[in-house]
$ cat structure.pdb   # PDB, C-alpha atoms and all ligand atoms
ATOM      1  CA  MET A  25      -0.513  25.146 -96.790
ATOM      2  CA  GLY A  26      -4.209  24.664 -97.357
ATOM      3  CA  VAL A  27      -5.786  21.425 -98.423
ATOM      4  CA  ASP A  28      -9.253  22.785 -99.093
ATOM      5  CA  TYR A  29     -11.068  21.382-102.047
ATOM      6  CA  ASP A  30     -14.443  21.718-103.704
ATOM      7  CA  ILE A  31     -16.322  18.466-103.639
ATOM      8  CA  PHE A  32     -18.464  19.704-106.523
ATOM      9  CA  GLN A  33     -15.434  19.844-108.745
ATOM     10  CA  GLU A  34     -15.396  16.069-108.578
ATOM     11  CA  ILE A  35     -18.913  15.866-110.038
ATOM     12  CA  ASN A  36     -18.160  18.570-112.583
ATOM     13  CA  ASP A  37     -15.121  16.638-113.784
ATOM     14  CA  LYS A  38     -17.160  13.535-114.403
ATOM     15  CA  VAL A  39     -19.729  15.035-116.793
ATOM     16  CA  ASP A  40     -18.758  15.985-120.342
ATOM     17  CA  LEU A  41     -20.162  19.516-120.386
ATOM     18  CA  LEU A  42     -19.616  20.101-124.110
ATOM     19  CA  ALA A  43     -21.443  16.896-125.063
ATOM     20  CA  TYR A  44     -24.269  17.729-122.699
ATOM     21  CA  ALA A  45     -24.661  21.396-123.717
ATOM     22  CA  SER A  46     -24.458  20.495-127.412
ATOM     23  CA  GLN A  47     -27.791  18.702-127.061
ATOM     24  CA  THR A  48     -29.499  22.076-126.760
ATOM     25  CA  ILE A  49     -27.015  24.684-128.014
ATOM     26  CA  ASP A  50     -25.362  24.676-131.434
ATOM     27  CA  MET A  51     -21.675  24.757-130.640
ATOM     28  CA  GLU A  52     -18.833  25.459-133.039
ATOM     29  CA  GLN A  53     -15.149  24.961-132.420
ATOM     30  CA  ARG A  54     -12.764  27.911-132.463
ATOM     31  CA  GLY A  55      -9.267  27.025-131.332
ATOM     32  CA  ASP A  56      -9.396  25.179-128.047
ATOM     33  CA  ASP A  57     -12.832  26.496-127.157
ATOM     34  CA  TRP A  58     -16.315  25.995-128.477
ATOM     35  CA  PHE A  59     -18.822  28.801-129.027
ATOM     36  CA  GLY A  60     -22.581  29.099-129.321
ATOM     37  CA  GLN A  61     -25.430  31.524-128.739
ATOM     38  CA  CYS A  62     -26.160  32.111-125.089
ATOM     39  CA  PRO A  63     -29.704  30.937-124.293
ATOM     40  CA  LEU A  64     -29.997  33.429-121.448
ATOM     41  CA  HIS A  65     -30.416  36.488-123.662
ATOM     42  CA  VAL A  66     -30.580  37.731-127.250
ATOM     43  CA  ASP A  67     -27.164  36.820-128.555
ATOM     44  CA  ASN A  68     -26.361  37.722-132.148
ATOM     45  CA  THR A  69     -22.668  36.957-131.878
ATOM     46  CA  PRO A  70     -22.045  33.609-130.233
ATOM     47  CA  SER A  71     -20.711  34.608-126.837
ATOM     48  CA  PHE A  72     -21.364  31.422-124.886
ATOM     49  CA  SER A  73     -18.145  29.404-124.688
ATOM     50  CA  ILE A  74     -17.076  26.038-123.341
ATOM     51  CA  THR A  75     -13.483  25.138-122.581
ATOM     52  CA  PRO A  76     -13.444  21.316-122.758
ATOM     53  CA  SER A  77     -10.074  20.988-121.027
ATOM     54  CA  LYS A  78     -11.576  22.708-117.974
ATOM     55  CA  ASN A  79     -15.117  21.390-118.477
ATOM     56  CA  TYR A  80     -16.246  24.925-117.835
ATOM     57  CA  TYR A  81     -18.547  27.428-119.548
ATOM     58  CA  TYR A  82     -18.346  31.170-119.726
ATOM     59  CA  CYS A  83     -20.549  33.717-121.466
ATOM     60  CA  PHE A  84     -18.604  36.732-122.699
ATOM     61  CA  SER A  85     -21.802  38.724-122.877
ATOM     62  CA  CYS A  86     -23.660  38.052-119.615
ATOM     63  CA  GLY A  87     -20.856  36.589-117.552
ATOM     64  CA  ALA A  88     -22.681  33.340-116.677
ATOM     65  CA  HIS A  89     -20.111  30.702-115.880
ATOM     66  CA  GLY A  90     -19.488  27.457-114.053
ATOM     67  CA  GLY A  91     -19.467  23.693-114.354
ATOM     68  CA  ILE A  92     -22.275  21.209-114.892
ATOM     69  CA  VAL A  93     -24.145  21.898-111.626
ATOM     70  CA  LYS A  94     -24.241  25.617-112.322
ATOM     71  CA  PHE A  95     -25.130  24.951-115.968
ATOM     72  CA  LEU A  96     -28.188  22.987-114.896
ATOM     73  CA  MET A  97     -29.198  25.780-112.530
ATOM     74  CA  ASP A  98     -28.630  28.541-115.100
ATOM     75  CA  PHE A  99     -30.038  26.889-118.192
ATOM     76  CA  GLU A 100     -32.542  24.361-116.932
ATOM     77  CA  HIS A 101     -33.639  26.473-113.976
ATOM     78  CA  LEU A 102     -33.159  23.653-111.500
ATOM     79  CA  SER A 103     -32.743  24.305-107.820
ATOM     80  CA  TYR A 104     -29.346  23.616-106.362
ATOM     81  CA  LYS A 105     -30.481  20.261-104.984
ATOM     82  CA  GLU A 106     -32.146  19.210-108.245
ATOM     83  CA  ALA A 107     -29.036  20.226-110.188
ATOM     84  CA  VAL A 108     -26.761  18.150-107.974
ATOM     85  CA  GLU A 109     -29.120  15.200-108.273
ATOM     86  CA  LYS A 110     -29.204  15.450-112.039
ATOM     87  CA  ALA A 111     -25.446  15.958-112.301
ATOM     88  CA  LEU A 112     -24.884  12.844-110.209
ATOM     89  CA  ARG A 113     -27.124  10.906-112.592
ATOM     90  CA  LEU A 114     -25.260  12.320-115.594
ATOM     91  CA  ALA A 115     -21.954  11.534-113.940
ATOM     92  CA  ASN A 116     -23.142   7.970-113.454
ATOM     93  CA  ILE A 117     -21.954   8.141-109.905
ATOM     94  CA  ASP A 118     -23.051   4.909-108.354
ATOM     95  CA  GLY A 119     -24.152   4.106-104.880
ATOM     96  CA  ASP A 120     -27.345   2.775-103.462
ATOM     97  CA  VAL A 121     -30.297   5.101-103.038
ATOM     98  CA  LEU A 122     -29.774   5.384 -99.304
ATOM     99  CA  CYS A 123     -26.201   6.454 -99.673
ATOM    100  CA  ARG A 124     -27.127   8.855-102.397
ATOM    101  CA  SER A 125     -29.710  10.697-100.345
ATOM    102  CA  ARG A 126     -27.259  11.000 -97.487
ATOM    103  CA  VAL A 127     -24.670  12.409 -99.803
ATOM    104  CA  PHE A 128     -27.120  15.093-100.873
ATOM    105  CA  THR A 129     -27.889  16.061 -97.338
ATOM    106  CA  PHE A 130     -24.212  16.256 -96.636
ATOM    107  CA  MET A 131     -23.461  18.288 -99.716
ATOM    108  CA  SER A 132     -26.377  20.661 -99.265
ATOM    109  CA  ARG A 133     -25.348  21.296 -95.691
ATOM    110  CA  THR A 134     -21.742  21.818 -96.672
ATOM    111  CA  LYS A 135     -22.775  24.120 -99.485
ATOM    112  CA  LYS A 136     -24.939  26.189 -97.153
ATOM    113  CA  MET A 137     -22.052  26.413 -94.760
ATOM    114  CA  LEU A 138     -19.816  27.657 -97.552
ATOM    115  CA  GLN A 139     -22.387  30.175 -98.720
ATOM    116  CA  LYS A 140     -22.701  31.589 -95.238
ATOM    117  CA  LYS A 141     -18.919  31.783 -95.248
ATOM    118  CA  LYS A 142     -19.011  30.189 -91.831
ATOM    119  CA  VAL A 143     -15.434  30.122 -90.713
ATOM    120  CA  PRO A 144     -14.171  27.504 -88.309
ATOM    121  CA  LYS A 145     -14.579  28.782 -84.818
ATOM    122  CA  HIS A 146     -11.312  28.472 -83.055
ATOM    123  CA  MET A 147      -8.622  30.959 -82.354
ATOM    124  CA  ILE A 148      -5.182  30.841 -83.861
ATOM    125  CA  LEU A 149      -2.571  30.936 -81.144
ATOM    126  CA  ASN A 150       0.867  32.365 -81.227
ATOM    127  CA  ASP A 151       3.480  29.607 -81.533
ATOM    128  CA  SER A 152       5.149  30.992 -78.419
ATOM    129  CA  GLU A 153       2.143  29.697 -76.461
ATOM    130  CA  TYR A 154       3.644  26.238 -76.715
ATOM    131  CA  ASN A 155       7.132  27.373 -75.762
ATOM    132  CA  ASN A 156       6.032  28.225 -72.250
ATOM    133  CA  PRO A 157       8.828  27.155 -69.877
ATOM    134  CA  ARG A 158       6.341  25.276 -67.739
ATOM    135  CA  TYR A 159       6.081  22.751 -70.589
ATOM    136  CA  GLU A 160       9.123  20.568 -70.370
ATOM    137  CA  ARG A 161      10.524  19.249 -73.641
ATOM    138  CA  LYS A 162      10.914  15.610 -72.722
ATOM    139  CA  PRO A 163       9.114  12.392 -73.621
ATOM    140  CA  ALA A 164       6.552  10.717 -71.388
ATOM    141  CA  GLN A 165       7.993   7.601 -69.800
ATOM    142  CA  GLU A 166       4.617   5.821 -69.757
ATOM    143  CA  TRP A 167       4.323   6.333 -73.511
ATOM    144  CA  ILE A 168       7.858   5.040 -74.068
ATOM    145  CA  ASP A 169       6.758   1.956 -72.108
ATOM    146  CA  GLU A 170       3.811   1.611 -74.479
ATOM    147  CA  GLY A 171       6.138   1.554 -77.470
ATOM    148  CA  ILE A 172       6.360   5.190 -78.571
ATOM    149  CA  PRO A 173      10.061   6.102 -78.803
ATOM    150  CA  PRO A 174      11.325   9.477 -77.485
ATOM    151  CA  ASP A 175      12.264  10.795 -80.927
ATOM    152  CA  VAL A 176       8.773  10.106 -82.267
ATOM    153  CA  GLN A 177       7.185  11.793 -79.255
ATOM    154  CA  ASP A 178       9.386  14.807 -79.834
ATOM    155  CA  LEU A 179       8.482  14.938 -83.516
ATOM    156  CA  PHE A 180       4.784  15.098 -82.638
ATOM    157  CA  GLY A 181       5.487  17.805 -80.061
ATOM    158  CA  VAL A 182       4.866  15.792 -76.894
ATOM    159  CA  ARG A 183       5.819  17.694 -73.741
ATOM    160  CA  ILE A 184       5.208  17.515 -70.025
ATOM    161  CA  ASP A 185       3.156  20.164 -68.259
ATOM    162  CA  LYS A 186       4.906  20.083 -64.908
ATOM    163  CA  ARG A 187       2.429  22.298 -63.112
ATOM    164  CA  SER A 188      -0.669  20.239 -63.876
ATOM    165  CA  ASN A 189       1.101  16.891 -64.265
ATOM    166  CA  ARG A 190      -0.108  16.286 -67.780
ATOM    167  CA  ILE A 191       1.328  14.913 -70.983
ATOM    168  CA  ILE A 192       0.561  17.543 -73.601
ATOM    169  CA  TYR A 193       0.720  17.872 -77.358
ATOM    170  CA  PRO A 194      -0.065  20.728 -79.754
ATOM    171  CA  VAL A 195      -3.157  20.885 -81.994
ATOM    172  CA  TYR A 196      -2.776  22.423 -85.446
ATOM    173  CA  ASP A 197      -5.544  23.444 -87.833
ATOM    174  CA  ARG A 198      -5.648  22.375 -91.475
ATOM    175  CA  ASP A 199      -3.305  25.205 -92.370
ATOM    176  CA  PHE A 200      -0.948  24.095 -89.613
ATOM    177  CA  HIS A 201      -1.520  27.032 -87.313
ATOM    178  CA  LEU A 202      -1.347  26.256 -83.615
ATOM    179  CA  ILE A 203      -4.942  26.295 -82.328
ATOM    180  CA  ASN A 204      -4.902  24.387 -79.074
ATOM    181  CA  ILE A 205      -2.938  22.367 -76.564
ATOM    182  CA  LYS A 206      -4.319  19.018 -75.522
ATOM    183  CA  GLY A 207      -3.389  17.378 -72.241
ATOM    184  CA  ARG A 208      -3.749  13.925 -70.765
ATOM    185  CA  THR A 209      -3.485  13.640 -67.027
ATOM    186  CA  ARG A 210      -0.645  11.580 -65.522
ATOM    187  CA  TYR A 211      -2.527  10.955 -62.297
ATOM    188  CA  LYS A 212      -3.453   7.267 -62.233
ATOM    189  CA  ASN A 213      -6.273   7.964 -59.768
ATOM    190  CA  TYR A 214      -7.693  10.808 -61.846
ATOM    191  CA  LYS A 215     -11.231   9.467 -61.403
ATOM    192  CA  GLU A 216     -11.037   9.687 -57.616
ATOM    193  CA  LEU A 217      -9.487  13.111 -57.901
ATOM    194  CA  LYS A 218     -12.322  14.086 -60.256
ATOM    195  CA  ILE A 219      -9.834  15.253 -62.843
ATOM    196  CA  PRO A 220     -10.732  14.775 -66.516
ATOM    197  CA  LYS A 221      -8.520  12.330 -68.410
ATOM    198  CA  TYR A 222      -8.184  14.703 -71.353
ATOM    199  CA  THR A 223      -8.143  18.496 -71.222
ATOM    200  CA  SER A 224      -8.067  21.147 -73.922
ATOM    201  CA  TYR A 225      -6.266  24.282 -72.830
ATOM    202  CA  PHE A 226      -8.300  26.576 -75.104
ATOM    203  CA  PRO A 227     -11.895  26.477 -76.433
ATOM    204  CA  VAL A 228     -12.099  23.688 -79.003
ATOM    205  CA  GLY A 229     -14.432  25.142 -81.675
ATOM    206  CA  THR A 230     -14.944  23.380 -84.983
ATOM    207  CA  VAL A 231     -12.961  20.177 -85.287
ATOM    208  CA  ASP A 232     -11.832  20.701 -88.870
ATOM    209  CA  TYR A 233      -8.363  19.258 -88.505
ATOM    210  CA  MET A 234      -6.770  15.842 -88.240
ATOM    211  CA  GLN A 235      -4.304  15.438 -85.408
ATOM    212  CA  GLY A 236      -0.756  14.653 -86.532
ATOM    213  CA  LEU A 237      -1.221  15.762 -90.136
ATOM    214  CA  ASN A 238       1.431  18.446 -89.693
ATOM    215  CA  VAL A 239       3.967  15.616 -89.437
ATOM    216  CA  THR A 240       2.448  12.920 -91.625
ATOM    217  CA  LEU A 241       1.009  14.765 -94.660
ATOM    218  CA  PRO A 242       4.068  14.167 -96.897
ATOM    219  CA  TYR A 243       3.908  10.413 -96.203
ATOM    220  CA  ILE A 244       0.167  10.355 -96.856
ATOM    221  CA  LYS A 245       0.727  11.988-100.247
ATOM    222  CA  GLU A 246       3.611   9.647-101.010
ATOM    223  CA  LYS A 247       1.687   6.470-100.168
ATOM    224  CA  ASN A 248      -1.545   7.837-101.622
ATOM    225  CA  GLU A 249      -3.275   6.634 -98.483
ATOM    226  CA  ILE A 250      -4.354   7.954 -95.114
ATOM    227  CA  ILE A 251      -4.789   5.603 -92.151
ATOM    228  CA  ILE A 252      -7.262   7.084 -89.687
ATOM    229  CA  PHE A 253      -6.847   6.197 -86.030
ATOM    230  CA  GLU A 254      -8.900   7.390 -83.085
ATOM    231  CA  SER A 255      -5.983   8.720 -81.110
ATOM    232  CA  ILE A 256      -2.665  10.414 -81.680
ATOM    233  CA  LYS A 257      -0.965   7.720 -79.603
ATOM    234  CA  SER A 258      -1.860   5.131 -82.243
ATOM    235  CA  VAL A 259      -0.568   7.467 -84.956
ATOM    236  CA  MET A 260       2.765   7.753 -83.158
ATOM    237  CA  LYS A 261       3.006   4.021 -82.551
ATOM    238  CA  ALA A 262       2.315   3.195 -86.198
ATOM    239  CA  TYR A 263       4.804   5.901 -87.184
ATOM    240  CA  ALA A 264       7.503   4.206 -85.143
ATOM    241  CA  TRP A 265       6.840   0.965 -87.068
ATOM    242  CA  GLY A 266       7.219   2.717 -90.417
ATOM    243  CA  TYR A 267       3.516   3.292 -91.073
ATOM    244  CA  LYS A 268       3.933   7.030 -91.275
ATOM    245  CA  ASN A 269       0.867   7.869 -93.366
ATOM    246  CA  ALA A 270      -1.656   8.184 -90.550
ATOM    247  CA  ALA A 271      -3.588  10.847 -88.657
ATOM    248  CA  SER A 272      -6.010  10.873 -85.777
ATOM    249  CA  ALA A 273      -9.656  11.923 -85.839
ATOM    250  CA  GLU A 274      -9.402  12.356 -82.046
ATOM    251  CA  LYS A 275     -12.659  10.436 -81.695
ATOM    252  CA  HIS A 276     -14.456   7.861 -83.785
ATOM    253  CA  THR A 277     -17.043  10.000 -85.545
ATOM    254  CA  LEU A 278     -15.597  12.299 -88.175
ATOM    255  CA  THR A 279     -17.038  15.790 -88.399
ATOM    256  CA  GLU A 280     -18.202  17.020 -91.814
ATOM    257  CA  GLU A 281     -15.196  19.297 -91.922
ATOM    258  CA  GLN A 282     -12.910  16.321 -91.347
ATOM    259  CA  VAL A 283     -14.653  14.376 -94.126
ATOM    260  CA  ARG A 284     -14.060  17.292 -96.491
ATOM    261  CA  LEU A 285     -10.469  17.638 -95.391
ATOM    262  CA  ILE A 286      -9.796  13.932 -95.954
ATOM    263  CA  LEU A 287     -11.530  13.861 -99.352
ATOM    264  CA  GLY A 288      -9.500  16.928-100.268
ATOM    265  CA  LEU A 289      -6.308  14.948 -99.849
ATOM    266  CA  LYS A 290      -7.500  12.784-102.767
ATOM    267  CA  VAL A 291      -5.972   9.626-101.367
ATOM    268  CA  ASN A 292      -7.283   6.205-100.361
ATOM    269  CA  VAL A 293      -8.742   6.021 -96.872
ATOM    270  CA  VAL A 294      -8.134   3.255 -94.326
ATOM    271  CA  PHE A 295     -10.194   3.320 -91.126
ATOM    272  CA  ALA A 296      -8.303   1.747 -88.234
ATOM    273  CA  TYR A 297     -10.594   2.301 -85.269
ATOM    274  CA  ASP A 298     -10.613   0.653 -81.862
ATOM    275  CA  SER A 299     -12.081  -2.832 -81.534
ATOM    276  CA  ASP A 300     -15.273  -1.611 -79.838
ATOM    277  CA  ILE A 301     -16.377   0.492 -82.815
ATOM    278  CA  SER A 302     -18.791  -0.778 -85.441
ATOM    279  CA  TYR A 303     -18.328   0.760 -88.874
ATOM    280  CA  PHE A 304     -21.794  -0.192 -90.003
ATOM    281  CA  GLU A 305     -24.099   1.991 -87.971
ATOM    282  CA  GLY A 306     -25.082   5.615 -87.504
ATOM    283  CA  ARG A 307     -22.845   8.498 -88.472
ATOM    284  CA  GLN A 308     -19.946   6.116 -88.854
ATOM    285  CA  TRP A 309     -21.572   4.323 -91.762
ATOM    286  CA  GLU A 310     -22.940   7.574 -93.228
ATOM    287  CA  ASN A 311     -19.430   8.950 -93.398
ATOM    288  CA  ILE A 312     -18.130   5.815 -95.069
ATOM    289  CA  CYS A 313     -20.991   5.974 -97.591
ATOM    290  CA  LYS A 314     -20.182   9.568 -98.425
ATOM    291  CA  MET A 315     -16.495   8.964 -98.750
ATOM    292  CA  LYS A 316     -16.650   5.821-100.864
ATOM    293  CA  MET A 317     -18.356   7.792-103.610
ATOM    294  CA  PHE A 318     -15.194   9.796-104.063
ATOM    295  CA  THR A 319     -12.348   7.519-103.088
ATOM    296  CA  ASN A 320     -11.436   3.962-102.099
ATOM    297  CA  VAL A 321     -12.359   3.280 -98.500
ATOM    298  CA  TYR A 322     -10.969   0.362 -96.519
ATOM    299  CA  ILE A 323     -11.749  -0.774 -93.001
ATOM    300  CA  ILE A 324      -9.710  -2.668 -90.509
ATOM    301  CA  ASP A 325     -12.018  -4.607 -88.251
ATOM    302  CA  ASP A 326     -11.267  -7.176 -85.643
ATOM    303  CA  LYS A 327     -13.072 -10.102 -87.246
ATOM    304  CA  LYS A 328     -10.631 -12.665 -85.884
ATOM    305  CA  ARG A 329     -10.702 -11.010 -82.467
ATOM    306  CA  LEU A 330      -6.964 -10.458 -82.565
ATOM    307  CA  LEU A 331      -7.557  -7.322 -80.515
ATOM    308  CA  GLY A 332      -9.794  -9.056 -78.033
ATOM    309  CA  GLY A 333     -13.118  -7.988 -79.543
ATOM    310  CA  LYS A 334     -15.510  -5.251 -78.533
ATOM    311  CA  ASP A 335     -14.933  -5.315 -74.792
ATOM    312  CA  ALA A 336     -11.179  -4.907 -75.101
ATOM    313  CA  LYS A 337     -11.460  -1.447 -76.755
ATOM    314  CA  ASN A 338      -8.009  -1.897 -78.238
ATOM    315  CA  SER A 339      -6.624   0.158 -81.073
ATOM    316  CA  PRO A 340      -5.298  -1.982 -83.971
ATOM    317  CA  VAL A 341      -1.772  -1.081 -82.859
ATOM    318  CA  ASP A 342      -2.294  -1.897 -79.181
ATOM    319  CA  VAL A 343      -1.549  -5.626 -79.064
ATOM    320  CA  SER A 344       1.642  -6.043 -81.070
ATOM    321  CA  ARG A 345       3.341  -5.102 -84.290
ATOM    322  CA  GLU A 346       2.591  -8.557 -85.732
ATOM    323  CA  VAL A 347      -1.118  -8.204 -84.995
ATOM    324  CA  TRP A 348      -1.153  -4.740 -86.556
ATOM    325  CA  GLU A 349       0.574  -5.965 -89.681
ATOM    326  CA  GLU A 350      -1.829  -8.843 -90.052
ATOM    327  CA  LEU A 351      -4.821  -6.522 -89.567
ATOM    328  CA  TYR A 352      -3.434  -3.994 -92.029
ATOM    329  CA  LYS A 353      -2.809  -6.705 -94.608
ATOM    330  CA  SER A 354      -6.348  -8.052 -94.303
ATOM    331  CA  LYS A 355      -8.088  -4.670 -94.494
ATOM    332  CA  ARG A 356     -11.306  -4.848 -96.480
ATOM    333  CA  LYS A 357     -12.467  -2.512 -99.214
ATOM    334  CA  VAL A 358     -15.956  -1.085 -98.685
ATOM    335  CA  ILE A 359     -17.974  -1.549-101.859
TER
HETATM  336 ZN    ZN A 401     -24.898  34.932-121.825
END

$ encode --input "structure.pdb" --output "structure tokens"
Amino acid sequence: MGVDYDIFQEINDKVDLLAYASQTIDMEQRGDDWFGQCPLHVDNTPSFSITPSKNYYYCFSCGAHGGIVKFLMDFEHLSYKEAVEKALRLANIDGDVLCRSRVFTFMSRTKKMLQKKKVPKHMILNDSEYNNPRYERKPAQEWIDEGIPPDVQDLFGVRIDKRSNRIIYPVYDRDFHLINIKGRTRYKNYKELKIPKYTSYFPVGTVDYMQGLNVTLPYIKEKNEIIIFESIKSVMKAYAWGYKNAASAEKHTLTEEQVRLILGLKVNVVFAYDSDISYFEGRQWENICKMKMFTNVYIIDDKKRLLGGKDAKNSPVDVSREVWEELYKSKRKVI
């Protein structure tokens, strides 16, 4: 299933198109729709229509159609950027000026990407790739020791690559196709051996997925909330404690594709990053600014140093269940 979503729809929904268009076009109601003369051409029979329930216009004569952003481009001859800016003003979407300009950059870039029809660059693998007999279907003892039960490991697809001595798990794209296999070495002296801690078995490409979503999406929908961790291990640990509505970004800076994916879920967002991460700088803060314009964003930060502060680099689930529950309870809304 796809979870794609047009961010512009959100703006379109927030502006009353009929009220706005009526300022310049005489509109008359006929049934559910309203009609007027299309300003784009000589129009003796009113062929310009607005469907208020969809907040959408359509001209039966010239075919012009769209929501508020497109309306401003078509009828006020604004550029795309100007139209978005004006629509945001009309929509009364709040946010400080800084945030706003970042949102534009983000949206313009995303729009350009869509126009170019740039597809995520990663291959879709055959499911049989993961059923290779060299991958043993059994849990990792070291992860059991860290509090991730065997059944939860199995649910998230954890296996053991006997040949390379790695713990592995599958990576699925946003449509839940297998796109990669990720491995974590079991050699304790991997640094000496000059072996990377993490390995991807196939080229990574665009990171437009959230790890674990194939398991947790129903719980995210049900709770109307996604908890974002940095690693799949934290997702599994929280899952075992009954916090099943989580997914992993696989690192602490979300890609634009991940931001879109998360906004597309239309749920509240809780960031639960490791104790060494500051939410208030760089890309991290930009992402939060973008997202809080469209949904409620909460952060879990280690203000009381329950996780041992910045140097400890602990995930909010790393110390104990009690600490996690306290942190989760005291999460703060970003305003
Ligand atoms: Zn027309």

$ residues_near_ligand --input "structure.pdb" --ligand "ligand ZN 401 (chain A)" --cutoff "6 Å" --atoms "only C-alpha atoms and all ligand atoms" --output "CSV table (one decimal) with C-alpha atoms, in the coordinates of the input"
chain,number,residue,atom,x,y,z
A,62,CYS,CA,-26.2,32.1,-125.1
A,64,LEU,CA,-30.0,33.4,-121.4
A,72,PHE,CA,-21.4,31.4,-124.9
A,83,CYS,CA,-20.5,33.7,-121.5
A,85,SER,CA,-21.8,38.7,-122.9
A,86,CYS,CA,-23.7,38.1,-119.6
A,88,ALA,CA,-22.7,33.3,-116.7

$ resolve_selection --input "structure.pdb" --expression "the PyMOL selection byres (((chain A and resi 219) around 12) and not hetatm)" --output "count of residues only"
19

$ closest_residue --input "structure.pdb" --among "A:Asn156, A:Asn311, A:Asn320, A:Thr69" --to "Asn292 of chain A" --atoms "only C-alpha atoms"
A:Asn320

$ residues_around --input "structure.pdb" --residues "Val239 of chain A" --least-positions-apart "3" --cutoff "8 Å" --atoms "all atoms listed in the file" --output "PyMOL selection string"
chain A and resi 179-180+236+242

$ write_last_selection --input "structure.pdb" --atoms "C-alpha atoms" --output "PDB file, keeping the file's coordinate frame"
ATOM      1  CA  LEU A 179       8.482  14.938 -83.516  1.00  0.00           C
ATOM      2  CA  PHE A 180       4.784  15.098 -82.638  1.00  0.00           C
ATOM      3  CA  GLY A 236      -0.756  14.653 -86.532  1.00  0.00           C
ATOM      4  CA  PRO A 242       4.068  14.167 -96.897  1.00  0.00           C
TER       5      PRO A 242
END

$ residues_around --input "structure.pdb" --residues "segment 326-336 of chain A" --least-positions-apart "3" --cutoff "8 Å" --atoms "all atoms listed in the file" --output "ChimeraX atom specification"
/A:299-301,339-340,342-343,347,351

$ write_last_selection --input "structure.pdb" --atoms "C-alpha atoms" --output "compact mmCIF listing (two decimals), in the coordinates of the input"
# COMPACT_ATOMS: atom_id res chain seq x y z
CA SER A 299 -12.08 -2.83 -81.53
CA ASP A 300 -15.27 -1.61 -79.84
CA ILE A 301 -16.38 0.49 -82.82
CA SER A 339 -6.62 0.16 -81.07
CA PRO A 340 -5.30 -1.98 -83.97
CA ASP A 342 -2.29 -1.90 -79.18
CA VAL A 343 -1.55 -5.63 -79.06
CA VAL A 347 -1.12 -8.20 -85.00
CA LEU A 351 -4.82 -6.52 -89.57

$ atom_distance --input "structure.pdb" --atom1 "atom CA of Ala111 of chain A" --atom2 "atom CA of Ile35 of chain A"
6.9 Å

$ residues_around --input "structure.pdb" --residues "Leu289 of chain A" --least-positions-apart "2" --cutoff "10 Å" --atoms "all atoms listed in the file" --output "list in words"
Val27, Asp28, Tyr29, Leu241, Ile244, Lys245, Asn248, Glu249, Ile250, Arg284, Leu285, Ile286, Leu287, Val291, Asn292 and Val293 of chain A

$ resolve_selection --input "structure.pdb" --expression "the PyMOL selection byres (((chain A and resi 355) around 7) and not hetatm)" --output "list in words"
Tyr322, Ile323, Ile324, Leu351, Tyr352, Lys353, Ser354, Arg356 and Lys357 of chain A

$ atom_distance --input "structure.pdb" --atom1 "atom CA of Gly55 of chain A" --atom2 "atom CA of Asp98 of chain A"
25.3 Å

$ closest_residue --input "structure.pdb" --among "A:Val93, A:Asp197, A:Arg183, A:Glu350" --to "Asp37 of chain A" --atoms "only C-alpha atoms"
A:Val93

$ atom_distance --input "structure.pdb" --atom1 "atom CA of Ala264 of chain A" --atom2 "atom CA of Tyr233 of chain A"
22.1 Å

$ resolve_selection --input "structure.pdb" --expression "the PyMOL selection byres (((chain A and resi 253) around 9) and not hetatm)" --output "list in words"
Ile251, Ile252, Glu254, Ser255, Ile256, Lys257, Ser258, Val259, Ala270, Ala271, Ser272, Ala273, Glu274, Lys275, His276, Val294, Phe295, Ala296, Tyr297, Asp298, Ser339 and Pro340 of chain A

$ closest_residue --input "structure.pdb" --among "A:Lys162, A:Arg345, A:His101, A:His65" --to "Trp265 of chain A" --atoms "only C-alpha atoms"
A:Arg345

$ closest_residue --input "structure.pdb" --among "A:Ile184, A:Leu112, A:Val321, A:Leu237" --to "Asp199 of chain A" --atoms "all atoms listed in the file"
A:Leu237
